[in-house]
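Peer 1: Just one file: work10.tsv, with TSV, C-alpha atoms and all ligand atoms.
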```
chain	number	residue	atom	x	y	z
A	1	MET	CA	135.76	36.72	70.34
A	2	VAL	CA	132.56	38.76	70.41
A	3	ASN	CA	132.56	41.62	67.89
A	4	THR	CA	128.95	42.73	67.98
A	5	PRO	CA	128.44	45.39	70.64
A	6	ILE	CA	125.73	44.79	73.22
A	7	VAL	CA	123.89	47.95	74.31
A	8	LYS	CA	122.10	47.29	77.59
A	9	ASP	CA	121.15	49.25	80.72
A	10	GLY	CA	123.20	52.32	79.82
A	11	PHE	CA	126.29	50.36	78.82
A	12	LEU	CA	127.83	49.29	75.52
A	13	ILE	CA	130.10	46.31	75.80
A	14	ARG	CA	132.36	44.85	73.08
A	15	ASN	CA	135.42	42.76	73.83
A	16	ARG	CA	137.57	45.03	76.02
A	17	ILE	CA	135.46	48.14	75.41
A	18	ILE	CA	132.85	49.58	77.76
A	19	ILE	CA	130.91	52.79	77.14
A	20	ARG	CA	128.81	54.44	79.81
A	21	ASN	CA	127.08	57.74	80.62
A	22	CYS	CA	129.13	60.24	82.66
A	23	THR	CA	128.29	61.67	86.06
A	24	ALA	CA	129.79	64.67	87.88
A	25	GLU	CA	132.34	62.25	89.35
A	26	ASP	CA	133.91	61.93	85.91
A	27	VAL	CA	134.83	65.62	85.48
A	28	THR	CA	138.55	65.21	86.16
A	29	ILE	CA	138.90	62.31	83.71
A	30	LEU	CA	136.81	64.18	81.15
A	31	LYS	CA	138.80	67.37	81.45
A	32	GLN	CA	142.07	65.48	80.86
A	33	LEU	CA	140.60	63.53	77.94
A	34	CYS	CA	139.05	66.64	76.36
A	35	CYS	CA	142.35	68.54	76.54
A	36	GLN	CA	144.58	65.70	75.41
A	37	THR	CA	142.43	64.59	72.46
A	38	PHE	CA	141.83	68.19	71.36
A	39	PHE	CA	145.53	68.98	71.48
A	40	ASP	CA	146.52	65.73	69.70
A	41	SER	CA	143.92	66.36	66.99
A	42	TRP	CA	144.41	70.05	66.23
A	43	GLY	CA	147.70	71.06	67.85
A	44	SER	CA	149.52	71.04	64.52
A	45	ASP	CA	146.77	73.03	62.71
A	46	PHE	CA	146.33	76.02	65.06
A	47	SER	CA	148.59	78.27	67.16
A	48	VAL	CA	149.36	77.37	70.79
A	49	GLU	CA	147.65	80.62	71.92
A	50	ASP	CA	144.44	79.80	70.03
A	51	MET	CA	144.45	76.20	71.30
A	52	ASN	CA	145.00	77.29	74.92
A	53	SER	CA	142.35	79.96	74.74
A	54	TYR	CA	139.77	77.47	73.39
A	55	MET	CA	140.69	74.81	75.95
A	56	ASN	CA	140.68	77.27	78.90
A	57	GLU	CA	137.21	78.40	77.93
A	58	ASN	CA	135.62	75.06	77.12
A	59	PHE	CA	137.42	72.38	79.10
A	60	THR	CA	137.28	73.57	82.73
A	61	GLU	CA	136.04	71.15	85.38
A	62	GLN	CA	133.43	73.74	86.39
A	63	LYS	CA	131.98	73.99	82.85
A	64	ILE	CA	131.98	70.23	82.32
A	65	LYS	CA	130.30	69.70	85.71
A	66	GLU	CA	127.59	72.25	84.89
A	67	GLU	CA	127.00	70.59	81.52
A	68	ILE	CA	126.69	67.12	83.07
A	69	GLU	CA	124.38	68.33	85.82
A	70	GLY	CA	122.14	70.24	83.40
A	71	ASP	CA	119.36	68.55	81.42
A	72	LEU	CA	120.53	69.38	77.91
A	73	GLU	CA	124.07	68.09	77.57
A	74	SER	CA	125.58	64.70	78.18
A	75	TYR	CA	128.99	63.08	78.01
A	76	HIS	CA	129.62	59.39	77.40
A	77	LEU	CA	132.98	57.76	78.09
A	78	ALA	CA	134.64	54.80	76.35
A	79	PHE	CA	137.04	52.63	78.33
A	80	CYS	CA	139.42	50.01	76.96
A	81	ASP	CA	140.48	47.62	79.73
A	82	ALA	CA	139.22	50.23	82.24
A	83	VAL	CA	141.42	53.00	80.72
A	84	PRO	CA	139.43	56.05	79.50
A	85	VAL	CA	140.22	56.31	75.78
A	86	GLY	CA	137.48	58.37	74.15
A	87	TYR	CA	134.29	60.33	74.69
A	88	ILE	CA	131.27	61.66	72.87
A	89	LYS	CA	129.14	64.68	73.78
A	90	LEU	CA	125.51	65.44	72.92
A	91	ARG	CA	123.76	68.80	73.05
A	92	ARG	CA	119.95	68.80	73.11
A	93	ASN	CA	117.58	71.58	72.00
A	94	TYR	CA	120.48	73.83	71.08
A	95	LYS	CA	120.20	76.28	68.20
A	96	THR	CA	120.83	74.62	64.83
A	97	PRO	CA	122.37	76.11	61.69
A	98	MET	CA	119.29	74.89	59.71
A	99	PRO	CA	116.03	76.11	61.26
A	100	THR	CA	113.56	73.25	61.69
A	101	ASN	CA	110.45	72.32	63.62
A	102	LEU	CA	111.73	68.80	64.19
A	103	LYS	CA	113.13	67.61	67.51
A	104	VAL	CA	116.88	67.88	66.97
A	105	VAL	CA	119.97	66.85	68.90
A	106	GLU	CA	123.57	67.77	68.16
A	107	LEU	CA	126.46	65.32	68.20
A	108	GLN	CA	128.79	68.06	69.40
A	109	ARG	CA	132.07	66.15	69.80
A	110	VAL	CA	133.54	62.69	69.40
A	111	TYR	CA	137.19	62.13	70.26
A	112	VAL	CA	139.43	59.08	70.68
A	113	LEU	CA	143.03	59.10	71.95
A	114	ASP	CA	145.57	58.79	69.11
A	115	LYS	CA	146.85	55.40	70.32
A	116	TYR	CA	143.33	53.92	70.18
A	117	LYS	CA	142.16	55.33	66.83
A	118	GLY	CA	141.20	52.94	64.04
A	119	LYS	CA	140.03	50.22	66.49
A	120	GLY	CA	136.31	50.86	66.13
A	121	ILE	CA	135.90	52.92	69.34
A	122	GLY	CA	134.67	56.04	67.47
A	123	SER	CA	132.07	53.81	65.75
A	124	ASP	CA	131.07	52.29	69.10
A	125	LEU	CA	130.56	55.76	70.60
A	126	ILE	CA	128.36	56.83	67.68
A	127	LYS	CA	126.31	53.60	67.83
A	128	TYR	CA	125.88	54.13	71.56
A	129	VAL	CA	124.49	57.67	71.26
A	130	LEU	CA	122.29	56.82	68.25
A	131	ASN	CA	120.63	54.31	70.51
A	132	ILE	CA	120.14	56.93	73.25
A	133	VAL	CA	118.74	59.68	71.01
A	134	THR	CA	116.38	57.26	69.30
A	135	GLU	CA	115.04	56.20	72.70
A	136	GLU	CA	114.67	59.88	73.60
A	137	LYS	CA	112.51	60.27	70.44
A	138	PHE	CA	114.69	62.82	68.68
A	139	GLU	CA	113.87	63.10	64.99
A	140	VAL	CA	117.14	64.44	63.62
A	141	ILE	CA	120.75	64.28	64.79
A	142	TRP	CA	123.16	66.81	63.30
A	143	LEU	CA	126.78	67.89	63.64
A	144	GLY	CA	129.33	70.35	62.33
A	145	VAL	CA	132.63	68.96	61.03
A	146	TRP	CA	135.69	70.71	59.63
A	147	GLU	CA	135.57	70.31	55.85
A	148	LYS	CA	139.15	68.93	55.81
A	149	ASN	CA	138.46	66.25	58.43
A	150	SER	CA	137.93	63.43	55.93
A	151	ASN	CA	138.39	60.64	58.52
A	152	ALA	CA	135.44	61.93	60.56
A	153	ILE	CA	133.31	62.81	57.50
A	154	ASN	CA	133.70	59.26	56.15
A	155	LEU	CA	132.86	57.82	59.53
A	156	TYR	CA	129.67	59.91	59.78
A	157	LYS	CA	128.66	58.91	56.23
A	158	LYS	CA	129.03	55.26	57.23
A	159	PHE	CA	126.34	55.89	59.85
A	160	GLY	CA	123.98	57.54	57.35
A	161	PHE	CA	124.78	61.22	57.98
A	162	GLU	CA	124.45	63.41	54.89
A	163	VAL	CA	125.93	66.85	54.18
A	164	CYS	CA	123.15	69.47	54.30
A	165	GLY	CA	124.97	72.79	54.61
A	166	GLY	CA	127.91	74.56	56.18
A	167	TYR	CA	129.15	77.62	58.05
A	168	SER	CA	132.39	79.53	58.63
A	169	PHE	CA	133.91	79.61	62.09
A	170	LYS	CA	136.87	81.35	63.68
A	171	LEU	CA	139.46	79.81	65.98
A	172	GLY	CA	141.69	82.72	67.00
A	173	ASN	CA	142.79	84.52	63.85
A	174	ASP	CA	142.11	81.58	61.55
A	175	SER	CA	138.89	81.22	59.60
A	176	SER	CA	137.69	77.73	58.63
A	177	PHE	CA	134.61	76.07	57.16
A	178	ASP	CA	132.49	73.41	58.85
A	179	LEU	CA	130.15	71.14	56.93
A	180	VAL	CA	126.78	70.48	58.56
A	181	MET	CA	125.72	66.83	58.40
A	182	LYS	CA	122.45	65.35	59.57
A	183	LYS	CA	120.73	62.00	59.92
A	184	ASN	CA	117.02	61.46	60.01
A	185	LEU	CA	116.41	59.19	62.99
A	186	SER	CA	112.98	58.06	61.93
A	187	LYS	CA	114.61	56.37	58.87
A	188	GLN	CA	116.66	53.94	61.05
B	1	LIG	C1	136.97	60.67	64.26
B	1	LIG	C2	137.39	59.72	65.36
B	1	LIG	C3	136.57	59.98	66.62
B	1	LIG	C4	137.15	58.29	64.90
B	1	LIG	O1	137.49	57.40	65.97
B	1	LIG	P1	138.10	55.95	65.67
B	1	LIG	O2	138.07	55.20	66.95
B	1	LIG	O3	139.39	56.07	64.99
B	1	LIG	O4	136.97	55.41	64.70
B	1	LIG	P2	136.83	53.96	64.05
B	1	LIG	O5	138.00	53.13	64.39
B	1	LIG	O6	135.49	53.46	64.45
B	1	LIG	O7	136.75	54.28	62.50
B	1	LIG	C5	137.51	55.30	61.92
B	1	LIG	C6	137.71	55.10	60.45
B	1	LIG	O8	139.02	55.61	60.15
B	1	LIG	C7	139.92	54.53	59.83
B	1	LIG	N1	141.19	54.57	60.53
B	1	LIG	C8	142.11	53.60	60.52
B	1	LIG	N2	143.19	53.95	61.20
B	1	LIG	C9	142.96	55.15	61.67
B	1	LIG	C10	143.73	56.02	62.48
B	1	LIG	N3	144.97	55.72	62.91
B	1	LIG	N4	143.21	57.19	62.81
B	1	LIG	C11	141.97	57.50	62.40
B	1	LIG	N5	141.19	56.70	61.65
B	1	LIG	C12	141.69	55.55	61.28
B	1	LIG	C13	139.19	53.31	60.24
B	1	LIG	O9	139.66	52.29	59.40
B	1	LIG	C14	137.75	53.66	60.05
B	1	LIG	O10	137.33	53.57	58.74
B	1	LIG	P3	136.64	52.22	58.20
B	1	LIG	O11	135.54	51.90	59.15
B	1	LIG	O12	136.15	52.58	56.84
B	1	LIG	O13	137.70	51.20	58.21
B	1	LIG	C15	138.90	59.84	65.71
B	1	LIG	O14	139.64	59.67	64.52
B	1	LIG	C16	139.28	61.15	66.36
B	1	LIG	O15	139.29	61.29	67.58
B	1	LIG	N6	139.62	62.13	65.52
B	1	LIG	C17	140.00	63.45	66.00
B	1	LIG	C18	138.83	64.24	66.48
B	1	LIG	C19	137.77	64.40	65.43
B	1	LIG	O16	138.06	64.65	64.28
B	1	LIG	N7	136.51	64.30	65.88
B	1	LIG	C20	135.37	64.47	64.99
B	1	LIG	C21	135.03	65.90	64.80
B	1	LIG	S1	134.58	66.69	66.30
```
What would you get if you wrote out this structure as structure tokens?
Ligand SMILES: CC(C)(COP(=O)(O)OP(=O)(O)OC[C@H]1O[C@@H](n2cnc3c(N)ncnc32)[C@H](O)[C@@H]1OP(=O)(O)O)[C@@H](O)C(=O)NCCC(=O)NCCS
Peer 2:
Amino acid sequence: MVNTPIVKDGFLIRNRIIIRNCTAEDVTILKQLCCQTFFDSWGSDFSVEDMNSYMNENFTEQKIKEEIEGDLESYHLAFCDAVPVGYIKLRRNYKTPMPTNLKVVELQRVYVLDKYKGKGIGSDLIKYVLNIVTEEKFEVIWLGVWEKNSNAINLYKKFGFEVCGGYSFKLGNDSSFDLVMKKNLSKQ
């Protein structure tokens, strides 16, 4: 059994896992995965109305297609035995909560289907994009994460992200707090 992932020619390969960059042909898969993982993850924390309103705004095929076809955003899909099981999204040159002159990229989302969590796929997705953003010569990668999401916070810390701030955000009528975490890529 091979456990060390191989990152080569736009693919990450480990045992039964493959990760690759998305194209506009992936929009239908991505839309389904975005909705299902978002609902599985937060459905019990927020009202159905708030969840639907967020998903209808952010997870349309049109929006995902525009993001993929633009220069700034990218999606990357993880497959286990050819089944799409998780994705990660990057946002380049987008406004950051901490003003900086450095070249920054945001790890905007990383999601894995419930059934596949805890199998290293989230880690594979992060490793995969760290490789990409380092090649693209970004200096800092940052993200916002709900302060109560300890699973994700611990995962990011494992990859060298450190808490450097925070901001409040609203989903529907609820107000929550996101921590900002960043990793200096030149330290890798
Ligand atoms: C955060 C997330 C992407 C991690 O994906 P994953 O494939 O479970 O990640 P990994 O398996 O690589 O590692 C997750 C860590 O949680 C632990 N874990 C074990 N079982 C788990 C489970 N059922 N669910 C979640 N995490 C689990 C793992 O042991 C691992 O910790 P360790 O490396 O110290 O052992 C995934 O839990 C997820 O989709 N969460 C909901 C969405 C989310 O919070 N996204 C991040 C903010 S946008």
Peer 1: Residues within 8 Å of ligand LIG 1 (chain B) should be enumerated using all atoms listed in the file and returned as a PDB file with C-alpha atoms, keeping the file's coordinate frame.
Peer 2:
```
ATOM      1  CA  THR A  37     142.430  64.590  72.460  1.00  0.00           C
ATOM      2  CA  PHE A  38     141.830  68.190  71.360  1.00  0.00           C
ATOM      3  CA  ASP A  40     146.520  65.730  69.700  1.00  0.00           C
ATOM      4  CA  SER A  41     143.920  66.360  66.990  1.00  0.00           C
ATOM      5  CA  TRP A  42     144.410  70.050  66.230  1.00  0.00           C
ATOM      6  CA  GLY A  86     137.480  58.370  74.150  1.00  0.00           C
ATOM      7  CA  GLN A 108     128.790  68.060  69.400  1.00  0.00           C
ATOM      8  CA  ARG A 109     132.070  66.150  69.800  1.00  0.00           C
ATOM      9  CA  VAL A 110     133.540  62.690  69.400  1.00  0.00           C
ATOM     10  CA  TYR A 111     137.190  62.130  70.260  1.00  0.00           C
ATOM     11  CA  VAL A 112     139.430  59.080  70.680  1.00  0.00           C
ATOM     12  CA  LEU A 113     143.030  59.100  71.950  1.00  0.00           C
ATOM     13  CA  ASP A 114     145.570  58.790  69.110  1.00  0.00           C
ATOM     14  CA  LYS A 115     146.850  55.400  70.320  1.00  0.00           C
ATOM     15  CA  TYR A 116     143.330  53.920  70.180  1.00  0.00           C
ATOM     16  CA  LYS A 117     142.160  55.330  66.830  1.00  0.00           C
ATOM     17  CA  GLY A 118     141.200  52.940  64.040  1.00  0.00           C
ATOM     18  CA  LYS A 119     140.030  50.220  66.490  1.00  0.00           C
ATOM     19  CA  GLY A 120     136.310  50.860  66.130  1.00  0.00           C
ATOM     20  CA  ILE A 121     135.900  52.920  69.340  1.00  0.00           C
ATOM     21  CA  GLY A 122     134.670  56.040  67.470  1.00  0.00           C
ATOM     22  CA  SER A 123     132.070  53.810  65.750  1.00  0.00           C
ATOM     23  CA  ASP A 124     131.070  52.290  69.100  1.00  0.00           C
ATOM     24  CA  GLY A 144     129.330  70.350  62.330  1.00  0.00           C
ATOM     25  CA  VAL A 145     132.630  68.960  61.030  1.00  0.00           C
ATOM     26  CA  TRP A 146     135.690  70.710  59.630  1.00  0.00           C
ATOM     27  CA  ASN A 149     138.460  66.250  58.430  1.00  0.00           C
ATOM     28  CA  ASN A 151     138.390  60.640  58.520  1.00  0.00           C
ATOM     29  CA  ALA A 152     135.440  61.930  60.560  1.00  0.00           C
ATOM     30  CA  ILE A 153     133.310  62.810  57.500  1.00  0.00           C
ATOM     31  CA  ASN A 154     133.700  59.260  56.150  1.00  0.00           C
ATOM     32  CA  LEU A 155     132.860  57.820  59.530  1.00  0.00           C
ATOM     33  CA  LYS A 158     129.030  55.260  57.230  1.00  0.00           C
TER      34      LYS A 158
END
```
Peer 1: Figure out the distance between CA of Met55 in chain A and CA of Ile126 in chain A, please, to one decimal in Å.
Peer 2: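 If I compute the distance from CA of Ile126 in chain A to CA of Met55 in chain A, I get 23.3 Å.
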Peer 1: Quick one, how far is CA of Ile141 in chain A from CA of Leu77 in chain A?
Peer 2: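 If I compute the distance from CA of Ile141 in chain A to CA of Leu77 in chain A, I get 19.2 Å.
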Peer 1: Would you please work out which residue, of A:Lys103, A:Lys170, A:Lys182, A:Lys63, is nearest to Trp142 in chain A when using all atoms listed in the file?
Peer 2: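 Between A:Lys103, A:Lys170, A:Lys182, A:Lys63, the residue approaching Trp142 in chain A most closely is A:Lys182.
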Peer 1: Would you pick out the contacts of Arg16 in chain A at 8 Å or less, using all atoms listed in the file, so that residues sharing its chain but fewer than 2 positions from it are not included, and give the list as a list of chain:residue names?
Peer 2: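 The residues that qualify are A:Ile13, A:Arg14, A:Ile18, A:Phe79, A:Cys80, A:Asp81.
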Peer 1: Which residue out of A:Thr96, A:Gln36, A:Val180, A:Leu102 has the minimum interatomic distance to Gly165 in chain A when only C-alpha atoms are used?
Peer 2: A:Val180
Peer 1: Take CA of Pro97 in chain A and CA of Gly166 in chain A and report the distance between them in Å, one decimal.
Peer 2: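 Taking CA of Pro97 in chain A as the start and CA of Gly166 in chain A as the end point, the length is 8.0 Å.
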Peer 1: Taking all atoms listed in the file into account, which of A:Glu136, A:Glu162, A:Asp178, A:Glu66 comes nearest Val105 in chain A?
Peer 2: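 For Val105 in chain A, the nearest of the given residues is A:Glu136.
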Peer 1: So that I can look at just that part, could you write range 7-33 of chain A with N, CA and C atoms, as a compact mmCIF listing (two decimals), in the first residue's frame?
Peer 2:
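Writing the result to out-v1.txt gives the following:
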```
# COMPACT_ATOMS: atom_id res chain seq x y z
N VAL A 7 2.24 14.12 -6.20
CA VAL A 7 1.63 15.25 -6.90
C VAL A 7 2.37 15.44 -8.20
N LYS A 8 1.70 15.24 -9.31
CA LYS A 8 2.39 15.25 -10.61
C LYS A 8 1.43 15.67 -11.72
N ASP A 9 1.87 16.57 -12.59
CA ASP A 9 1.09 16.97 -13.76
C ASP A 9 -0.36 17.30 -13.43
N GLY A 10 -0.59 18.07 -12.38
CA GLY A 10 -1.95 18.49 -12.06
C GLY A 10 -2.80 17.43 -11.37
N PHE A 11 -2.18 16.35 -10.94
CA PHE A 11 -2.93 15.31 -10.24
C PHE A 11 -2.27 14.99 -8.90
N LEU A 12 -3.09 14.63 -7.90
CA LEU A 12 -2.53 14.03 -6.70
C LEU A 12 -3.10 12.61 -6.64
N ILE A 13 -2.23 11.67 -6.40
CA ILE A 13 -2.68 10.28 -6.41
C ILE A 13 -2.22 9.59 -5.14
N ARG A 14 -3.15 8.98 -4.40
CA ARG A 14 -2.79 8.20 -3.20
C ARG A 14 -3.78 7.04 -3.09
N ASN A 15 -3.30 5.86 -3.08
CA ASN A 15 -4.18 4.69 -3.04
C ASN A 15 -5.36 4.87 -3.99
N ARG A 16 -6.58 4.98 -3.42
CA ARG A 16 -7.77 5.07 -4.28
C ARG A 16 -8.19 6.52 -4.55
N ILE A 17 -7.36 7.47 -4.11
CA ILE A 17 -7.72 8.88 -4.20
C ILE A 17 -7.02 9.57 -5.38
N ILE A 18 -7.80 10.33 -6.14
CA ILE A 18 -7.22 11.19 -7.18
C ILE A 18 -7.77 12.60 -6.97
N ILE A 19 -6.90 13.59 -7.07
CA ILE A 19 -7.36 14.99 -7.03
C ILE A 19 -6.93 15.65 -8.33
N ARG A 20 -7.83 16.43 -8.89
CA ARG A 20 -7.47 17.14 -10.12
C ARG A 20 -8.17 18.49 -10.18
N ASN A 21 -7.64 19.37 -11.04
CA ASN A 21 -8.24 20.70 -11.25
C ASN A 21 -9.56 20.55 -12.00
N CYS A 22 -10.53 21.44 -11.72
CA CYS A 22 -11.84 21.35 -12.37
C CYS A 22 -11.86 22.19 -13.64
N THR A 23 -12.72 21.74 -14.57
CA THR A 23 -13.01 22.53 -15.77
C THR A 23 -14.52 22.80 -15.76
N ALA A 24 -14.97 23.59 -16.76
CA ALA A 24 -16.40 23.93 -16.83
C ALA A 24 -17.26 22.67 -16.97
N GLU A 25 -16.65 21.57 -17.41
CA GLU A 25 -17.43 20.33 -17.54
C GLU A 25 -17.81 19.74 -16.19
N ASP A 26 -17.18 20.23 -15.13
CA ASP A 26 -17.44 19.67 -13.80
C ASP A 26 -18.55 20.41 -13.04
N VAL A 27 -19.20 21.40 -13.67
CA VAL A 27 -20.11 22.26 -12.88
C VAL A 27 -21.26 21.49 -12.24
N THR A 28 -21.79 20.50 -12.92
CA THR A 28 -22.94 19.78 -12.35
C THR A 28 -22.50 18.98 -11.12
N ILE A 29 -21.38 18.28 -11.25
CA ILE A 29 -20.84 17.53 -10.10
C ILE A 29 -20.56 18.49 -8.95
N LEU A 30 -19.92 19.61 -9.29
CA LEU A 30 -19.52 20.57 -8.24
C LEU A 30 -20.74 21.14 -7.53
N LYS A 31 -21.75 21.50 -8.30
CA LYS A 31 -22.94 22.07 -7.69
C LYS A 31 -23.54 21.06 -6.68
N GLN A 32 -23.64 19.80 -7.10
CA GLN A 32 -24.22 18.78 -6.20
C GLN A 32 -23.36 18.62 -4.94
N LEU A 33 -22.04 18.58 -5.15
CA LEU A 33 -21.12 18.38 -4.02
C LEU A 33 -21.14 19.58 -3.08
```
